[in-house]
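Student: Provided below: my_file-v7.csv, containing CSV, C-alpha atoms.
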chain,number,residue,atom,x,y,z
A,177,MET,CA,0.0,0.0,0.0
A,178,THR,CA,3.0,2.3,0.5
A,179,ILE,CA,3.7,2.0,-3.2
A,180,VAL,CA,0.1,3.1,-4.0
A,181,ASN,CA,0.4,6.1,-1.6
A,182,GLY,CA,3.7,7.1,-3.2
A,183,ALA,CA,2.2,6.8,-6.7
A,184,LEU,CA,-0.8,8.9,-5.7
A,185,LEU,CA,1.6,11.5,-4.3
A,186,LEU,CA,3.6,11.6,-7.5
A,187,ILE,CA,0.4,11.8,-9.7
A,188,PHE,CA,-1.1,14.7,-7.7
A,189,ILE,CA,2.3,16.7,-7.8
A,190,LEU,CA,2.7,15.9,-11.5
A,191,VAL,CA,-0.8,17.0,-12.4
A,192,PHE,CA,-0.5,20.3,-10.5
A,193,ALA,CA,3.0,20.9,-12.0
A,194,ILE,CA,1.8,20.3,-15.6
A,195,CYS,CA,-1.2,22.7,-15.0
A,196,HIS,CA,1.1,25.3,-13.5
A,197,GLY,CA,3.5,25.1,-16.4
A,198,VAL,CA,0.6,25.4,-18.9
A,199,TYR,CA,-1.3,28.2,-17.3
A,200,SER,CA,1.2,30.2,-15.2
A,201,LYS,CA,2.4,32.6,-17.9
A,202,ARG,CA,-1.0,33.1,-19.5
A,203,LEU,CA,-3.0,33.7,-16.2
A,204,ALA,CA,-0.4,35.1,-13.8
A,205,GLY,CA,-1.5,38.7,-14.5
A,206,PHE,CA,-5.0,37.8,-13.4
A,207,PHE,CA,-4.0,37.6,-9.8
A,208,GLU,CA,-1.6,40.5,-9.7
A,209,PRO,CA,-4.1,42.9,-7.9
A,210,LEU,CA,-4.3,40.5,-5.0
A,211,ASP,CA,-2.5,41.4,-1.8
A,212,ILE,CA,0.3,39.0,-1.0
A,213,LYS,CA,-0.5,39.2,2.7
A,214,ASP,CA,-4.0,37.9,2.1
A,215,TYR,CA,-3.0,35.5,-0.6
A,216,PRO,CA,0.6,34.3,0.1
A,217,TYR,CA,0.0,31.4,-2.3
A,218,LYS,CA,-1.2,33.5,-5.2
A,219,ALA,CA,1.8,32.3,-7.3
A,220,PHE,CA,0.1,28.9,-7.5
A,221,LEU,CA,-3.4,30.2,-8.3
A,222,PRO,CA,-3.0,30.5,-12.2
A,223,ALA,CA,-2.8,26.7,-12.4
A,224,CYS,CA,-6.0,26.4,-10.3
A,225,LEU,CA,-7.8,29.0,-12.4
A,226,GLY,CA,-6.8,27.1,-15.5
A,227,ILE,CA,-8.5,24.0,-14.0
A,228,VAL,CA,-11.6,26.0,-13.1
A,229,GLU,CA,-12.0,27.3,-16.6
A,230,THR,CA,-11.2,24.0,-18.3
A,231,LEU,CA,-13.7,22.1,-16.1
A,232,LYS,CA,-16.1,25.1,-16.0
A,233,LEU,CA,-16.4,24.8,-12.2
A,234,SER,CA,-19.1,27.1,-10.7
A,235,GLY,CA,-21.7,27.0,-8.0
A,236,LYS,CA,-25.4,26.6,-8.7
A,237,GLY,CA,-28.6,27.4,-6.9
A,238,ARG,CA,-28.6,28.6,-3.3
A,239,TYR,CA,-24.9,27.9,-2.8
A,240,GLN,CA,-23.9,30.4,-5.6
A,241,THR,CA,-26.5,32.9,-4.4
A,242,ARG,CA,-25.1,32.9,-0.8
A,243,LEU,CA,-21.5,33.0,-2.3
A,244,ASN,CA,-22.4,36.0,-4.4
A,245,GLN,CA,-24.0,37.7,-1.4
A,246,LYS,CA,-20.8,37.3,0.7
A,247,ILE,CA,-18.5,38.4,-2.1
A,248,SER,CA,-20.7,41.4,-2.8
A,249,LEU,CA,-20.5,42.5,0.8
A,250,LEU,CA,-16.7,41.9,1.0
A,251,TYR,CA,-15.6,43.4,-2.4
A,252,GLY,CA,-18.6,45.1,-4.0
A,253,ASN,CA,-20.8,44.2,-7.0
A,254,ARG,CA,-18.3,45.5,-9.6
A,255,PHE,CA,-15.7,42.9,-8.6
A,256,MET,CA,-18.1,40.0,-8.0
A,257,ALA,CA,-17.1,38.1,-11.2
A,258,TYR,CA,-13.4,38.6,-10.5
A,259,TYR,CA,-13.5,37.4,-6.9
A,260,ASN,CA,-15.8,34.5,-7.8
A,261,LYS,CA,-13.0,33.2,-10.0
A,262,VAL,CA,-10.5,33.9,-7.3
A,263,HIS,CA,-12.5,32.0,-4.7
A,264,TRP,CA,-13.0,29.0,-6.9
A,265,SER,CA,-9.2,29.0,-7.7
A,266,VAL,CA,-8.5,29.0,-4.0
A,267,LYS,CA,-10.9,26.1,-3.5
A,268,VAL,CA,-9.0,24.1,-6.1
A,269,PHE,CA,-5.7,25.0,-4.6
A,270,CYS,CA,-6.9,23.8,-1.2
A,271,LEU,CA,-8.1,20.6,-2.8
A,272,PHE,CA,-4.7,19.8,-4.2
A,273,LEU,CA,-3.0,20.9,-1.0
A,274,GLY,CA,-5.1,18.5,1.0
A,275,LEU,CA,-4.5,15.6,-1.5
A,276,ILE,CA,-0.7,16.2,-1.6
A,277,ILE,CA,-0.2,16.6,2.1
A,278,SER,CA,-2.4,13.6,3.1
A,279,SER,CA,-0.7,11.4,0.4
A,280,PHE,CA,2.7,12.4,1.8
A,281,ILE,CA,1.7,11.6,5.4
A,282,CYS,CA,0.2,8.3,4.4
A,283,PHE,CA,3.3,7.4,2.3
A,284,ALA,CA,5.8,8.5,5.1
A,285,GLY,CA,3.8,6.8,7.8
A,286,GLY,CA,3.2,3.6,6.0
A,287,ILE,CA,-0.6,3.8,6.4
A,288,GLY,CA,-2.5,1.0,4.8
A,289,TYR,CA,-5.9,0.9,3.2
A,290,GLN,CA,-7.1,3.6,5.5
A,291,SER,CA,-5.3,6.0,3.2
A,292,LEU,CA,-8.0,5.4,0.5
A,293,VAL,CA,-10.4,7.3,2.9
A,294,ILE,CA,-7.9,9.7,4.4
A,295,ILE,CA,-6.6,11.2,1.2
A,296,PRO,CA,-9.9,12.1,-0.5
A,297,ALA,CA,-11.4,13.2,2.8
A,298,SER,CA,-8.5,15.6,3.4
A,299,GLY,CA,-8.8,17.0,-0.1
A,300,ILE,CA,-12.5,17.5,0.2
A,301,GLY,CA,-12.2,18.9,3.7
A,302,LEU,CA,-9.7,21.6,2.6
A,303,PHE,CA,-11.8,22.3,-0.5
A,304,PHE,CA,-14.7,23.3,1.7
A,305,LEU,CA,-12.5,25.0,4.2
A,306,ALA,CA,-12.1,27.8,1.7
A,307,ASP,CA,-15.8,28.5,2.1
A,308,LYS,CA,-15.4,28.6,5.9
A,309,ASN,CA,-12.6,31.2,5.5
A,310,LEU,CA,-14.9,33.3,3.3
A,311,ASP,CA,-17.7,32.9,5.9
A,312,ASP,CA,-15.4,34.2,8.7
A,313,LEU,CA,-14.4,37.2,6.6
A,314,TYR,CA,-18.1,37.9,5.8
A,315,ARG,CA,-19.3,37.7,9.4
A,316,GLU,CA,-16.4,39.9,10.6
A,317,ARG,CA,-17.1,42.6,8.0
A,318,LYS,CA,-20.9,42.4,8.6
A,319,LEU,CA,-20.3,42.7,12.4
A,320,ARG,CA,-18.1,45.7,12.0
A,321,LEU,CA,-20.6,47.4,9.6
A,322,GLU,CA,-23.4,46.8,12.1
A,323,ARG,CA,-21.3,48.0,15.0
A,324,ASP,CA,-20.4,51.4,13.5
A,325,PHE,CA,-23.8,52.0,11.9
A,326,PRO,CA,-25.7,53.3,15.0
A,327,ASP,CA,-22.9,55.8,15.7
A,328,PHE,CA,-23.1,57.0,12.1
A,329,ILE,CA,-26.9,57.5,12.3
A,330,SER,CA,-26.5,59.5,15.6
A,331,LYS,CA,-23.9,61.8,14.0
A,332,LEU,CA,-26.1,62.2,10.9
A,333,VAL,CA,-29.2,63.2,12.9
A,334,LEU,CA,-27.1,65.6,14.9
A,335,LEU,CA,-25.6,67.3,11.9
A,336,ILE,CA,-29.0,67.6,10.1
A,337,ASN,CA,-30.4,69.2,13.2
A,338,ALA,CA,-27.5,71.6,13.1
A,339,GLY,CA,-28.6,72.8,9.6
A,340,LEU,CA,-26.6,70.7,7.1
A,341,ASN,CA,-28.4,68.8,4.4
A,342,VAL,CA,-27.9,65.0,4.0
A,343,ARG,CA,-25.1,65.1,1.5
A,344,GLN,CA,-23.1,67.7,3.4
A,345,ALA,CA,-23.6,65.7,6.7
A,346,ILE,CA,-22.5,62.5,5.1
A,347,GLU,CA,-19.4,64.1,3.5
A,348,ARG,CA,-18.4,65.5,6.9
A,349,ILE,CA,-18.9,62.2,8.7
A,350,ALA,CA,-17.0,60.3,6.0
A,351,SER,CA,-14.0,62.7,6.1
A,352,GLU,CA,-13.8,62.5,9.9
A,353,GLY,CA,-14.4,58.7,10.2
A,354,SER,CA,-11.9,56.0,10.9
A,355,LYS,CA,-9.8,54.9,7.9
A,356,ASP,CA,-10.0,51.3,9.0
A,357,SER,CA,-13.7,51.1,9.4
A,358,PRO,CA,-15.5,49.4,6.5
A,359,LEU,CA,-18.6,51.6,7.0
A,360,TYR,CA,-16.6,54.9,6.6
A,361,GLN,CA,-14.7,53.4,3.7
A,362,GLU,CA,-18.0,52.7,1.9
A,363,LEU,CA,-19.2,56.2,2.8
A,364,ARG,CA,-16.1,57.7,1.3
A,365,THR,CA,-16.6,55.6,-1.9
A,366,MET,CA,-20.2,56.9,-2.1
A,367,VAL,CA,-19.0,60.5,-1.7
A,368,LEU,CA,-16.4,60.1,-4.4
A,369,ASP,CA,-19.0,58.6,-6.7
A,370,ILE,CA,-21.2,61.7,-6.2
A,371,GLN,CA,-18.3,64.0,-6.7
A,372,SER,CA,-17.2,62.3,-9.9
A,373,GLY,CA,-20.7,62.9,-11.5
A,374,MET,CA,-22.9,60.0,-10.4
A,375,LEU,CA,-26.4,61.0,-9.5
A,376,GLU,CA,-27.0,61.0,-5.7
A,377,ASP,CA,-29.9,58.5,-6.0
A,378,GLU,CA,-27.7,56.1,-7.9
A,379,ALA,CA,-24.8,56.6,-5.5
A,380,TYR,CA,-27.1,55.7,-2.5
A,381,ALA,CA,-28.4,52.7,-4.4
A,382,ALA,CA,-24.9,51.5,-5.1
A,383,PHE,CA,-24.0,52.0,-1.4
A,384,SER,CA,-27.0,49.8,-0.5
A,385,GLU,CA,-25.9,47.1,-3.0
A,386,ARG,CA,-22.4,47.0,-1.6
A,387,CYS,CA,-23.4,46.7,2.0
A,388,ARG,CA,-26.5,44.4,1.6
A,389,ILE,CA,-27.6,44.7,5.2
A,390,LYS,CA,-31.2,45.3,6.3
A,391,GLN,CA,-30.4,48.5,8.3
A,392,PHE,CA,-28.4,50.0,5.4
A,393,THR,CA,-31.2,49.2,3.0
A,394,ASN,CA,-33.8,50.9,5.3
A,395,PHE,CA,-31.5,53.9,5.6
A,396,VAL,CA,-31.1,54.3,1.9
A,397,SER,CA,-34.8,53.9,1.4
A,398,ILE,CA,-35.5,56.7,3.8
A,399,ILE,CA,-33.0,59.0,2.1
A,400,ARG,CA,-34.2,58.2,-1.4
A,401,GLN,CA,-37.9,58.6,-0.4
A,402,ASN,CA,-37.1,62.0,1.0
A,403,MET,CA,-35.3,63.1,-2.2
A,404,LYS,CA,-38.4,62.2,-4.2
A,405,LEU,CA,-41.2,63.3,-1.9
A,406,GLY,CA,-39.5,65.8,0.5
A,407,GLY,CA,-41.2,66.7,3.8
A,408,SER,CA,-40.0,66.6,7.4
A,409,GLN,CA,-40.6,62.8,8.0
A,410,MET,CA,-37.0,61.9,7.2
A,411,LEU,CA,-35.6,63.1,10.5
A,412,PHE,CA,-38.2,61.2,12.5
A,413,GLU,CA,-37.5,58.0,10.5
A,414,LEU,CA,-33.7,58.3,11.0
A,415,LYS,CA,-34.2,58.7,14.7
A,416,ARG,CA,-36.4,55.6,14.8
A,417,LEU,CA,-33.8,53.7,12.8
A,418,GLY,CA,-31.0,54.8,15.0
A,419,THR,CA,-33.0,53.7,18.1
A,420,GLU,CA,-33.6,50.3,16.5
A,421,CYS,CA,-29.9,49.9,15.6
A,422,TRP,CA,-28.7,50.8,19.1
A,423,GLU,CA,-31.1,48.1,20.5
A,424,MET,CA,-29.7,45.6,18.0
A,425,ARG,CA,-26.2,46.5,18.9
A,426,LYS,CA,-27.0,45.9,22.6
A,427,ASN,CA,-28.4,42.5,21.7
A,428,VAL,CA,-25.3,41.6,19.7
A,429,ALA,CA,-23.1,42.7,22.6
A,430,ARG,CA,-25.2,40.6,25.0
A,431,GLN,CA,-24.9,37.6,22.8
A,432,LEU,CA,-21.2,38.0,22.4
A,433,GLY,CA,-20.9,38.3,26.2
A,434,GLU,CA,-22.9,35.1,26.7
A,435,LYS,CA,-20.7,33.2,24.2
A,436,ALA,CA,-17.5,34.5,26.0
A,437,SER,CA,-18.9,33.3,29.4
A,438,SER,CA,-19.8,29.9,28.0
A,439,LYS,CA,-16.2,29.5,26.5
A,440,LEU,CA,-14.8,30.2,30.0
A,441,MET,CA,-16.8,27.3,31.5
A,442,LEU,CA,-14.2,24.7,30.4
A,443,PRO,CA,-11.1,26.5,31.8
A,444,LEU,CA,-13.0,27.1,35.1
A,445,ALA,CA,-14.1,23.5,35.3
A,446,ILE,CA,-10.5,22.4,34.8
A,447,MET,CA,-9.3,24.8,37.5
A,448,PHE,CA,-12.0,23.5,39.8
A,449,LEU,CA,-10.9,19.9,39.3
A,450,ALA,CA,-7.2,20.9,39.8
A,451,ILE,CA,-8.1,22.7,43.1
A,452,ILE,CA,-10.1,19.6,44.3
A,453,LEU,CA,-7.1,17.3,43.5
A,454,ILE,CA,-4.7,19.7,45.3
A,455,CYS,CA,-7.0,19.5,48.4
A,456,VAL,CA,-7.7,15.8,48.3
A,457,ALA,CA,-4.2,14.5,47.4
A,458,PRO,CA,-2.7,15.1,50.9
A,459,VAL,CA,-5.6,13.3,52.5
A,460,ILE,CA,-5.2,10.3,50.1
A,461,LEU,CA,-1.5,10.2,50.7
A,462,GLU,CA,-2.1,10.3,54.5
A,463,PHE,CA,-4.5,7.4,54.3
A,464,ARG,CA,-2.0,5.4,52.3
A,465,SER,CA,0.7,5.9,54.8
A,466,VAL,CA,-1.6,4.8,57.6
A,467,PHE,CA,-2.5,1.5,55.9
Please express what this file holds, its structure, as structure tokens.

Tutor:
Amino acid sequence: MTIVNGALLLIFILVFAICHGVYSKRLAGFFEPLDIKDYPYKAFLPACLGIVETLKLSGKGRYQTRLNQKISLLYGNRFMAYYNKVHWSVKVFCLFLGLIISSFICFAGGIGYQSLVIIPASGIGLFFLADKNLDDLYRERKLRLERDFPDFISKLVLLINAGLNVRQAIERIASEGSKDSPLYQELRTMVLDIQSGMLEDEAYAAFSERCRIKQFTNFVSIIRQNMKLGGSQMLFELKRLGTECWEMRKNVARQLGEKASSKLMLPLAIMFLAIILICVAPVILEFRSVF
């Protein structure tokens, strides 16, 4: 069986090497915009993209819909097609990585017929691990957007009450906001779109499409409705939205606190057992010495 594991290892390496040689020059420029810190393995992705395009790999149905939603929130609609290909290339890279590493371990460890299960399971596991990494990035960005949104609404209401119109208030908030915050980055993008000649209504709609969160959609609906109909109802609706967002933020903070406390239960239980052993051990040793 060791010979079979070695043969599988050579086959996987050879297939990937051939694909890398065929596609690396032609598709290397496709991944040039990617940050090396986020994609340290991007030099190997051209081979994976070649496999994706040759086999026409793509998601279907609900899976692809959820994938598009996550990519849209992370990178925006205009780059959805690009990052779709990047994500599928990463999935194929993880598949080969799992197959090669598990084959090498089975070969070096002399594992028998169990390797016929271990090798494909490792490849498939890492193949879907790429989705989990995307999910983690999606949840983190969504959480940061929702965390900063109530503060943004409060500032917006305050500036509108001070006499600024909506556009002026958003421009001021965006210029003073944190450079690392995803929300203020999206606001600055929206302001630049307006300044470059895009209609305000279209810029707000694009902002809503990029964020794709219920609170942001409601906010944009309020602003766009006020632009079309006018009236003094907008300020009241923004205050109501701000109150709802603060309540949601409190609930999220409460849930995170509960999760943190539940994670502490295991270390506390281990410490409790250690204390019991420390207290009981002298008594047990004393009894042993008596008998």

Student: Would you pick out the contacts of stretch 217-220 of chain A at 8 Å or less, using all atoms listed in the file, so that residues sharing its chain but fewer than 5 positions from it are not included, and give the list as a list in words?

Tutor: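 What passes the distance filter is His196, Ser200, Ala204, Phe207, Leu210, Ile212 and Phe269 of chain A.
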
Student: Using only C-alpha atoms, which of A:Leu221, A:Ala381, A:Ala445, A:Leu359 sits nearest A:Pro326?

Tutor: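 Among the listed residues, A:Leu359 lies closest to A:Pro326.
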
Student: Which polymer residues have any atom within 7 Å of an atom of stretch 253-261 of chain A, counting all atoms listed in the file, with same-chain residues fewer than 3 positions away left out, as a list of chain:residue names?

Tutor: A:Asn244, A:Ile247, A:Ser248, A:Trp264, A:Ser265, A:Arg386

Student: Output the selection as a PDB file, in the coordinates of the input - C-alpha atoms for each residue.

Tutor:
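Output contents, as saved in selection_13.pdb:
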ATOM      1  CA  ASN A 244     -22.400  36.000  -4.400  1.00  0.00           C
ATOM      2  CA  ILE A 247     -18.500  38.400  -2.100  1.00  0.00           C
ATOM      3  CA  SER A 248     -20.700  41.400  -2.800  1.00  0.00           C
ATOM      4  CA  TRP A 264     -13.000  29.000  -6.900  1.00  0.00           C
ATOM      5  CA  SER A 265      -9.200  29.000  -7.700  1.00  0.00           C
ATOM      6  CA  ARG A 386     -22.400  47.000  -1.600  1.00  0.00           C
TER       7      ARG A 386
END

Student: Which residue gives the smallest distance to A:Asn181 among A:Ile370, A:Ile446, A:Ile276, A:Ala350, with all atoms listed in the file counted?

Tutor: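 Closest candidate: A:Ile276.
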
Student: Need the shell around A:Cys270: protein/DNA/RNA residues with any atom at most 8 Å away, counting all atoms listed in the file. Skip same-chain ones fewer than 2 positions apart. Format as a list in words?

Tutor: Val266, Lys267, Val268, Phe272, Leu273, Gly274, Gly299, Leu302, Phe303, Leu305 and Ala306 of chain A

Student: What is the atom CA of A:Met403-atom CA of A:Val342 distance in Å, reported with one decimal?

Tutor: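 Here the two named atoms are 9.8 Å from each other.
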
Student: Grab the atom CA of A:Ser397 to atom CA of A:Lys415 distance for me, in Å with one decimal place.

Tutor: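 Separation between atom CA of A:Ser397 and atom CA of A:Lys415: 14.2 Å.
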
Student: Can you work out which one of A:Ser384, A:Thr230, A:Ser330, A:Ser408 has the shortest atom-to-atom distance to A:Val396, counting all atoms listed in the file?

Tutor: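 Closest residue, counting all atoms listed in the file: A:Ser384.
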
Student: Tell me which protein, DNA and RNA residues are within 9 Å of A:Ile179, counting all atoms listed in the file, leaving out same-chain ones fewer than 4 positions away, and put them as a list in words.

Tutor: Ala183, Leu184 and Phe283 of chain A

Student: Identify which of the residues A:Leu186, A:Leu405, A:Ile389, A:Ile398 lies closest to A:Phe280, counting only C-alpha atoms when measuring atom-to-atom distances.

Tutor: A:Leu186

Student: With distances taken over only C-alpha atoms, which of A:Ile295, A:Gln401, A:Leu332, A:Asp307 is nearest to A:Gly235?

Tutor: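 Using only C-alpha atoms, the shortest distance to A:Gly235 belongs to A:Asp307.
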
Student: How many Å separate atom CA of A:Phe328 from atom CA of A:Tyr251?

Tutor: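 Pair atom CA of A:Phe328 / atom CA of A:Tyr251 returns 21.2 Å.
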
Student: Pick from A:Lys308, A:Lys246, A:Lys331, A:Lys318: nearest to A:Ser357, with all atoms listed in the file counted?

Tutor: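 Closest to A:Ser357 of all the choices is A:Lys318.
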
Student: Determine, counting all atoms listed in the file, which protein, DNA and RNA residues have an atom within 12 Å of an atom of A:Phe383; residues of the same chain fewer than 5 positions away are not included. Present the result as a ChimeraX atom specification.

Tutor: /A:248-249,252-254,358-370,376-378,388-389,392-397,399-400

Student: Please, can stretch 319-344 of chain A be completed to N, CA and C atoms and returned as an mmCIF file, in the coordinates of the input?

Tutor:
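Saved the output as result-v4.cif:
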data_model
loop_
_atom_site.group_PDB
_atom_site.id
_atom_site.type_symbol
_atom_site.label_atom_id
_atom_site.label_comp_id
_atom_site.auth_asym_id
_atom_site.auth_seq_id
_atom_site.Cartn_x
_atom_site.Cartn_y
_atom_site.Cartn_z
ATOM 1 N N LEU A 319 -20.302 42.280 10.998
ATOM 2 C CA LEU A 319 -20.300 42.700 12.400
ATOM 3 C C LEU A 319 -19.761 44.102 12.559
ATOM 4 N N ARG A 320 -18.666 44.410 11.851
ATOM 5 C CA ARG A 320 -18.100 45.700 12.000
ATOM 6 C C ARG A 320 -18.958 46.804 11.349
ATOM 7 N N LEU A 321 -19.631 46.482 10.235
ATOM 8 C CA LEU A 321 -20.600 47.400 9.600
ATOM 9 C C LEU A 321 -21.738 47.714 10.587
ATOM 10 N N GLU A 322 -22.302 46.661 11.156
ATOM 11 C CA GLU A 322 -23.400 46.800 12.100
ATOM 12 C C GLU A 322 -23.023 47.529 13.355
ATOM 13 N N ARG A 323 -21.784 47.324 13.784
ATOM 14 C CA ARG A 323 -21.300 48.000 15.000
ATOM 15 C C ARG A 323 -21.162 49.469 14.851
ATOM 16 N N ASP A 324 -20.674 49.923 13.684
ATOM 17 C CA ASP A 324 -20.400 51.400 13.500
ATOM 18 C C ASP A 324 -21.677 52.110 12.996
ATOM 19 N N PHE A 325 -22.692 51.381 12.526
ATOM 20 C CA PHE A 325 -23.800 52.000 11.900
ATOM 21 C C PHE A 325 -24.651 52.908 12.883
ATOM 22 N N PRO A 326 -24.962 52.450 14.117
ATOM 23 C CA PRO A 326 -25.700 53.300 15.000
ATOM 24 C C PRO A 326 -25.025 54.639 15.332
ATOM 25 N N ASP A 327 -23.699 54.588 15.479
ATOM 26 C CA ASP A 327 -22.900 55.800 15.700
ATOM 27 C C ASP A 327 -23.030 56.768 14.540
ATOM 28 N N PHE A 328 -22.981 56.200 13.332
ATOM 29 C CA PHE A 328 -23.100 57.000 12.100
ATOM 30 C C PHE A 328 -24.481 57.685 12.048
ATOM 31 N N ILE A 329 -25.541 56.951 12.354
ATOM 32 C CA ILE A 329 -26.900 57.500 12.300
ATOM 33 C C ILE A 329 -27.029 58.645 13.343
ATOM 34 N N SER A 330 -26.473 58.443 14.532
ATOM 35 C CA SER A 330 -26.500 59.500 15.600
ATOM 36 C C SER A 330 -25.843 60.761 15.107
ATOM 37 N N LYS A 331 -24.653 60.619 14.495
ATOM 38 C CA LYS A 331 -23.900 61.800 14.000
ATOM 39 C C LYS A 331 -24.725 62.466 12.862
ATOM 40 N N LEU A 332 -25.331 61.644 11.998
ATOM 41 C CA LEU A 332 -26.100 62.200 10.900
ATOM 42 C C LEU A 332 -27.271 63.019 11.358
ATOM 43 N N VAL A 333 -28.027 62.487 12.309
ATOM 44 C CA VAL A 333 -29.200 63.200 12.900
ATOM 45 C C VAL A 333 -28.718 64.507 13.526
ATOM 46 N N LEU A 334 -27.617 64.455 14.249
ATOM 47 C CA LEU A 334 -27.100 65.600 14.900
ATOM 48 C C LEU A 334 -26.698 66.726 13.930
ATOM 49 N N LEU A 335 -26.034 66.362 12.846
ATOM 50 C CA LEU A 335 -25.600 67.300 11.900
ATOM 51 C C LEU A 335 -26.775 67.908 11.064
ATOM 52 N N ILE A 336 -27.775 67.077 10.783
ATOM 53 C CA ILE A 336 -29.000 67.600 10.100
ATOM 54 C C ILE A 336 -29.714 68.558 10.965
ATOM 55 N N ASN A 337 -29.801 68.266 12.245
ATOM 56 C CA ASN A 337 -30.400 69.200 13.200
ATOM 57 C C ASN A 337 -29.649 70.508 13.271
ATOM 58 N N ALA A 338 -28.325 70.429 13.023
ATOM 59 C CA ALA A 338 -27.500 71.600 13.100
ATOM 60 C C ALA A 338 -27.610 72.487 11.824
ATOM 61 N N GLY A 339 -28.323 71.986 10.793
ATOM 62 C CA GLY A 339 -28.600 72.800 9.600
ATOM 63 C C GLY A 339 -27.963 72.287 8.325
ATOM 64 N N LEU A 340 -27.194 71.201 8.368
ATOM 65 C CA LEU A 340 -26.600 70.700 7.100
ATOM 66 C C LEU A 340 -27.637 69.781 6.421
ATOM 67 N N ASN A 341 -27.507 69.714 5.084
ATOM 68 C CA ASN A 341 -28.400 68.800 4.400
ATOM 69 C C ASN A 341 -27.713 67.366 4.427
ATOM 70 N N VAL A 342 -28.398 66.386 3.893
ATOM 71 C CA VAL A 342 -27.900 65.000 4.000
ATOM 72 C C VAL A 342 -26.576 64.800 3.388
ATOM 73 N N ARG A 343 -26.403 65.328 2.190
ATOM 74 C CA ARG A 343 -25.100 65.100 1.500
ATOM 75 C C ARG A 343 -23.977 65.771 2.228
ATOM 76 N N GLN A 344 -24.166 67.003 2.705
ATOM 77 C CA GLN A 344 -23.100 67.700 3.400
ATOM 78 C C GLN A 344 -22.762 66.946 4.731
#
